[in-house]
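Undergrad: Shown below is the structure under consideration.
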Amino acid sequence: MKSLVSLFAALGLVSAVASPALAADGRQLFLDNCAACHQPTGKGVAGAFPALAGSKVVLGDPKEPITRILNGRGGMPAFQNDLSDTEVSAILTYIRSAWGNKAAPVAVPQVLAFRSNTRRENAKASLQAH
Ligand code: HEC
């Protein structure tokens, strides 16, 4: 139940702040791309994958989590070729408001600002179809 509430909170924030293009489902994207390591609970796996619940990186300046997701670090893969700016912003907005986390949503242009490659929205626009 708690996670459902968080989801609705995240979606509410997303629609309040961002452009209509931001229909990506941050929770589902998190489950698909991140939860294998960080766990659906956001608690991670001790000694292997850091918790995102309560993480200073997640809750702090958006630059840090954005660049880690795009470029990877240590045992974490880079997602810059797999996730669009919209998807990264949706995932970050979700993980910054799930599991008791409370930090501001991350908008698409903030993600774009830290990209070093040229991948953009277009290819993933069809994701909104469902
Ligand atoms: C294959 C396992 C794996 C996957 C998949 C993965 N991560 Fe990570 N993640 C890690 C590891 C390992 C670290 C620690 C890296 C380091 O700093 O050495 C990490 C660190 C992080 C951190 C920094 C946390 C902190 O407090 O230091 C964030 C934020 C993060 N991951 C978010 C994500 C998001 C969002 C996704 C999905 C898009 C994701 N990760 C997918 C393994 C993974």
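Every chain in the structure tokens has a letter given in the order shown (A, B, ...), and although residue numbers restart at 1 in each chain, ligands are simply numbered from 1 in the order shown.
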Please identify every polymer residue within 9 Å of ligand 1, using only C-alpha atoms and all ligand atoms, and present the set as number ranges by chain.
TA: A: 29-38, 44, 48-59, 64-66, 68-70, 72-79, 83, 87-88, 91-92, 95
Undergrad: Have a look at A:Gln80, A:Asn101, A:Ser89, A:Gly26 and name the one nearest to Lys43 in chain A; count only C-alpha atoms.
TA: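 Among the listed residues, A:Asn101 lies closest to Lys43 in chain A.
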Undergrad: Kindly give the distance, in Å, that separates CA of Thr67 in chain A and CA of Thr41 in chain A, rounded to a single decimal.
TA: 22.5 Å
Undergrad: Could you tell me which of A:Gln110, A:Gln39, A:Gln28, A:Thr86 comes closest to Lys63 in chain A if we count only C-alpha atoms?
TA: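 Looking only at the distances to Lys63 in chain A, the closest residue turns out to be A:Gln110.
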Undergrad: For CA of Gly42 in chain A and CA of Trp99 in chain A, quote the distance in Å rounded to one decimal.
TA: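 Result for CA of Gly42 in chain A versus CA of Trp99 in chain A: 6.9 Å, one decimal.
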